[in-house]
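Everything below concerns the one structure shown next.
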Amino acid sequence: MKTQSTKTIHDTVEGLLPWYVNGTLSADERNYVEEHLSGCDSHQVAIRELRQIAAAVQEETPTPLVTEPDVERLNALLDADASTRSRRTPLYLAAAALTAALFAGLLALGDFSDRQAAPAVFETATAPDAGTLTDYVVRIEFAANVAADERQSILKSIGVRDAAELSGSTAVRGVVSLPAASVAELEAVTGGIEARNEIVAVEVLAVQLPVHTER
Amino acid sequence: MQADNTADTRREGPHTVSDEHELMAAVARQDRRALEALYRGYYTRLFRFAFRMTHSHGTADEIVNDVMLAVWRSAKSFRGSSKVSTWIFGIAYRQTLKRLSKKSLAIAPDFDPDDVPAAEDASPEDRDWIRHGVDTLPAAQKLAVVLVFYVGMSYEEVAEVTDCPVNTVKTRMFHARKKLKGVLEDSAS
C-alpha cells in the first residue's frame with residue numbers, strides 16, 4: 001500500500017477539519033484526522049478556531065422569532081399557483097374547439113375559475129376575424145375604476161387593433177385577440193399587463209387557428 | 001373517504017427516511033396532505049437556515065414558502081437517489097442564494113444580537129465578531145459555513161446541495177476559516 005507523505009496527510013486533514021468539528025466524518029476519517037492532530041500544532045489551532053466559528057453560528061435564533069408553520073397560507077399559495085398554471089394550460093392543449101365556440105357566440109362559458117362571484121358574461125372587444133397562426137384569444141378583466149380611454153390605451157399598447165369599448169358594472173371584462181409570434185412572446189405580453197394595477201386578471205383562452213393554412 | 005394514493009400524514013414528529021420518500025412520492029401525485037406533512041416537518045429547520053442567512057424574518061418566511069412551492073411543482077423530478085432533506089435544502093440553498101444576490105436585500109437584522117443565548121468556548125465579544133465576519137463572507141462561503149455548522153451536513157451533502165465538487169466545498173470552507181481568523185485577529189488588535 002502506498003504511504004502518503006506528511007504534506008499530503010496534512011493537506012487531506014486540512015480539508016476534513018470542518019466536518020471533524022461538526023461530527024459527520026466516518027469513523028475511519030475521524031481516526032485519520034486524530035492521528036494527525038496529535039502531532040500537528042497548526043491544525044490543533046485550526047480546530048479551536050473552527051469550534052469557535054461553529055459555536056457562534058450555532059447560537060439559536062430566539063424561539064419567538066421562529067414563526068409557526070401556516071398551513072392555510074401554504075394552501076392559498078398552492079391555489080394561486082394552480083390558478084396561474086391552469087390559465088396557461090389551454091395554450092398547450094387543443095384550444096381550437098374553444099376558439100370555435102367563442103366565435104360562434106357562445107361566450108358565456110363561465111367565469112374565471114377562481115372568481116365565482118363575477119357574472120358569466122363577457123364582451124368581445126375586437127370583431128372576430130379570419131385570424132392567423134399567431135393570434136391568441138385572451139380574456140382580460142380591468143379594475144372597475146379604470147377609465148374607458150385608459151382601457152383603450154392599454155389594449156392598444158399590447159397590440160389589440162381597433163378595440164371596441166368595454167362596459168361593465170363592477171369590473172370590465174372583454175375578450176380580445178392578441179397577436180404574438182410565440183407562446184413565450186404571448187406570456188411576456190400577458191405577464192406584463194397582468195402586473196399592472198389596472199388589470200385584475202388575464203386568461204388565455206385559446207389559440208386562434210388560421211383560416212388559410214397554405215402560404 | 002380519502003383516496004388510496006393519499007399518504008398517511010397523521011403521524012406526529014420527525015419522519016424516517018422511508019416515510020419521507022413515501023411523502024415525496026405522494027407529493028409527486030399532488031397530494032396536499034403529504035406536502036403539509038413535509039412543510040410541518042421542515043418548517044423550523046428551513047426557517048432558521050434562511051433566517052441565519054438573511055437576518056430577515058420576512059425574507060426567511062418567503063424563502064420557506066418558495067421552497068415548499070418548488071417542492072410541490074418539482075416533486076416528480078425527485079428520483080430518490082439522495083435524502084429528501086438534501087434535496088429540499090438544495091432548493092433552499094438556491095432560493096437563498098437568489099435572494100442574497102438581489103441588491104435590494106440589505107443585511108438588516110430585525111433582532112437584537114444581545115438577546116441570543118451565550119455559546120461555549122468563545123467570549124461573547126468574539127462570537128459577535130465571528131457572526132459579523134460570517135455575514136461579510138461571499139455568499140457561497142457563507143452558505144457553506146451555515147450548512148456545515150448550523151445545519152450539520154457532511155461534505156458530501158453540502159456538495160450535493162450546492163451542486164459543486166467536494167473539493168470546491170472544502171476550498172470554500174478553508175477560505176472562510178482564513179477570513180474569519182482575520183476578522184478575529186482584527187478584533188483583538
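Scheme for the C-alpha cells: letters A, B, ... for chains in order shown; per-chain residue numbers from 1; ligand numbers from 1 in order shown.
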TODO: Using only C-alpha atoms, select each residue of chain A with any atom at most 10 Å away from an atom of chain B, and give the selection as a ChimeraX atom specification.
DONE: /A:12,14-26,46,48-63,65-75,77-78,81-82
Which of range 29-162 of chain B end up as alpha helix (DSSP H) when DSSP is run on this backbone - answer as a PDB file with C-alpha atoms, in the first residue's frame?
ATOM      1  CA  ARG B  32     -51.557  18.241  -0.457  1.00  0.00           C
ATOM      2  CA  ARG B  33     -51.633  16.435   2.860  1.00  0.00           C
ATOM      3  CA  ALA B  34     -48.241  14.943   2.096  1.00  0.00           C
ATOM      4  CA  LEU B  35     -46.868  18.402   1.294  1.00  0.00           C
ATOM      5  CA  GLU B  36     -48.341  19.717   4.531  1.00  0.00           C
ATOM      6  CA  ALA B  37     -46.549  16.959   6.429  1.00  0.00           C
ATOM      7  CA  LEU B  38     -43.232  17.866   4.798  1.00  0.00           C
ATOM      8  CA  TYR B  39     -43.934  21.539   5.458  1.00  0.00           C
ATOM      9  CA  ARG B  40     -44.557  20.912   9.140  1.00  0.00           C
ATOM     10  CA  GLY B  41     -41.507  18.667   9.383  1.00  0.00           C
ATOM     11  CA  TYR B  42     -39.128  21.076   7.685  1.00  0.00           C
ATOM     12  CA  TYR B  43     -40.513  24.480   8.557  1.00  0.00           C
ATOM     13  CA  THR B  44     -38.342  25.241  11.577  1.00  0.00           C
ATOM     14  CA  ARG B  45     -35.129  23.932  10.016  1.00  0.00           C
ATOM     15  CA  LEU B  46     -35.713  25.809   6.771  1.00  0.00           C
ATOM     16  CA  PHE B  47     -36.782  28.976   8.541  1.00  0.00           C
ATOM     17  CA  ARG B  48     -33.742  29.010  10.805  1.00  0.00           C
ATOM     18  CA  PHE B  49     -31.434  28.288   7.899  1.00  0.00           C
ATOM     19  CA  ALA B  50     -32.947  31.094   5.820  1.00  0.00           C
ATOM     20  CA  PHE B  51     -33.017  33.470   8.768  1.00  0.00           C
ATOM     21  CA  ARG B  52     -29.391  32.718   9.582  1.00  0.00           C
ATOM     22  CA  MET B  53     -28.509  33.612   6.018  1.00  0.00           C
ATOM     23  CA  THR B  54     -30.676  36.697   5.548  1.00  0.00           C
ATOM     24  CA  HIS B  57     -37.796  37.437   9.404  1.00  0.00           C
ATOM     25  CA  GLY B  58     -39.971  38.265   6.398  1.00  0.00           C
ATOM     26  CA  THR B  59     -37.445  37.108   3.831  1.00  0.00           C
ATOM     27  CA  ALA B  60     -36.854  33.844   5.683  1.00  0.00           C
ATOM     28  CA  ASP B  61     -40.595  33.233   5.704  1.00  0.00           C
ATOM     29  CA  GLU B  62     -40.835  33.953   1.981  1.00  0.00           C
ATOM     30  CA  ILE B  63     -37.947  31.606   1.273  1.00  0.00           C
ATOM     31  CA  VAL B  64     -39.650  28.762   3.142  1.00  0.00           C
ATOM     32  CA  ASN B  65     -42.829  29.311   1.121  1.00  0.00           C
ATOM     33  CA  ASP B  66     -40.893  29.474  -2.129  1.00  0.00           C
ATOM     34  CA  VAL B  67     -39.102  26.251  -1.225  1.00  0.00           C
ATOM     35  CA  MET B  68     -42.354  24.432  -0.497  1.00  0.00           C
ATOM     36  CA  LEU B  69     -43.894  25.688  -3.716  1.00  0.00           C
ATOM     37  CA  ALA B  70     -40.838  24.446  -5.616  1.00  0.00           C
ATOM     38  CA  VAL B  71     -41.149  21.077  -3.857  1.00  0.00           C
ATOM     39  CA  TRP B  72     -44.793  20.928  -4.903  1.00  0.00           C
ATOM     40  CA  ARG B  73     -44.004  21.748  -8.508  1.00  0.00           C
ATOM     41  CA  SER B  74     -40.965  19.553  -8.962  1.00  0.00           C
ATOM     42  CA  VAL B  84     -35.154  14.114   0.870  1.00  0.00           C
ATOM     43  CA  SER B  85     -33.556  16.588   3.277  1.00  0.00           C
ATOM     44  CA  THR B  86     -30.583  17.066   0.950  1.00  0.00           C
ATOM     45  CA  TRP B  87     -32.896  17.652  -1.987  1.00  0.00           C
ATOM     46  CA  ILE B  88     -35.048  20.141  -0.086  1.00  0.00           C
ATOM     47  CA  PHE B  89     -32.047  22.010   1.281  1.00  0.00           C
ATOM     48  CA  GLY B  90     -30.677  22.132  -2.256  1.00  0.00           C
ATOM     49  CA  ILE B  91     -33.790  24.076  -3.223  1.00  0.00           C
ATOM     50  CA  ALA B  92     -33.450  26.250  -0.118  1.00  0.00           C
ATOM     51  CA  TYR B  93     -29.819  26.901  -0.990  1.00  0.00           C
ATOM     52  CA  ARG B  94     -30.689  28.110  -4.482  1.00  0.00           C
ATOM     53  CA  GLN B  95     -33.601  30.218  -3.271  1.00  0.00           C
ATOM     54  CA  THR B  96     -31.432  31.811  -0.592  1.00  0.00           C
ATOM     55  CA  LEU B  97     -28.563  32.428  -2.978  1.00  0.00           C
ATOM     56  CA  LYS B  98     -31.017  34.091  -5.344  1.00  0.00           C
ATOM     57  CA  ARG B  99     -32.256  36.383  -2.577  1.00  0.00           C
ATOM     58  CA  LEU B 100     -28.760  37.203  -1.425  1.00  0.00           C
ATOM     59  CA  SER B 101     -27.731  38.124  -4.931  1.00  0.00           C
ATOM     60  CA  PRO B 124     -19.465  36.903  23.733  1.00  0.00           C
ATOM     61  CA  GLU B 125     -17.415  39.583  22.028  1.00  0.00           C
ATOM     62  CA  ASP B 126     -15.593  37.036  19.883  1.00  0.00           C
ATOM     63  CA  ARG B 127     -18.862  35.406  18.909  1.00  0.00           C
ATOM     64  CA  ASP B 128     -20.246  38.753  17.819  1.00  0.00           C
ATOM     65  CA  TRP B 129     -17.174  39.342  15.713  1.00  0.00           C
ATOM     66  CA  ILE B 130     -17.428  35.870  14.198  1.00  0.00           C
ATOM     67  CA  ARG B 131     -21.088  36.330  13.338  1.00  0.00           C
ATOM     68  CA  HIS B 132     -20.288  39.701  11.822  1.00  0.00           C
ATOM     69  CA  GLY B 133     -17.465  38.033   9.896  1.00  0.00           C
ATOM     70  CA  VAL B 134     -19.757  35.260   8.620  1.00  0.00           C
ATOM     71  CA  ASP B 135     -22.158  37.904   7.350  1.00  0.00           C
ATOM     72  CA  THR B 136     -19.412  39.572   5.359  1.00  0.00           C
ATOM     73  CA  ALA B 139     -22.479  34.201  -0.332  1.00  0.00           C
ATOM     74  CA  ALA B 140     -21.111  30.800  -1.391  1.00  0.00           C
ATOM     75  CA  GLN B 141     -18.714  30.667   1.566  1.00  0.00           C
ATOM     76  CA  LYS B 142     -21.345  31.903   3.982  1.00  0.00           C
ATOM     77  CA  LEU B 143     -23.792  29.259   2.803  1.00  0.00           C
ATOM     78  CA  ALA B 144     -21.142  26.574   3.162  1.00  0.00           C
ATOM     79  CA  VAL B 145     -20.396  27.665   6.740  1.00  0.00           C
ATOM     80  CA  VAL B 146     -24.086  27.665   7.637  1.00  0.00           C
ATOM     81  CA  TYR B 155     -19.193  17.335   2.965  1.00  0.00           C
ATOM     82  CA  GLU B 156     -20.925  15.002   0.522  1.00  0.00           C
ATOM     83  CA  GLU B 157     -24.285  16.512   1.403  1.00  0.00           C
ATOM     84  CA  VAL B 158     -23.014  20.077   1.068  1.00  0.00           C
ATOM     85  CA  ALA B 159     -21.528  19.172  -2.318  1.00  0.00           C
ATOM     86  CA  GLU B 160     -24.867  17.749  -3.433  1.00  0.00           C
ATOM     87  CA  VAL B 161     -26.907  20.656  -2.105  1.00  0.00           C
ATOM     88  CA  THR B 162     -24.648  23.247  -3.681  1.00  0.00           C
TER      89      THR B 162
END
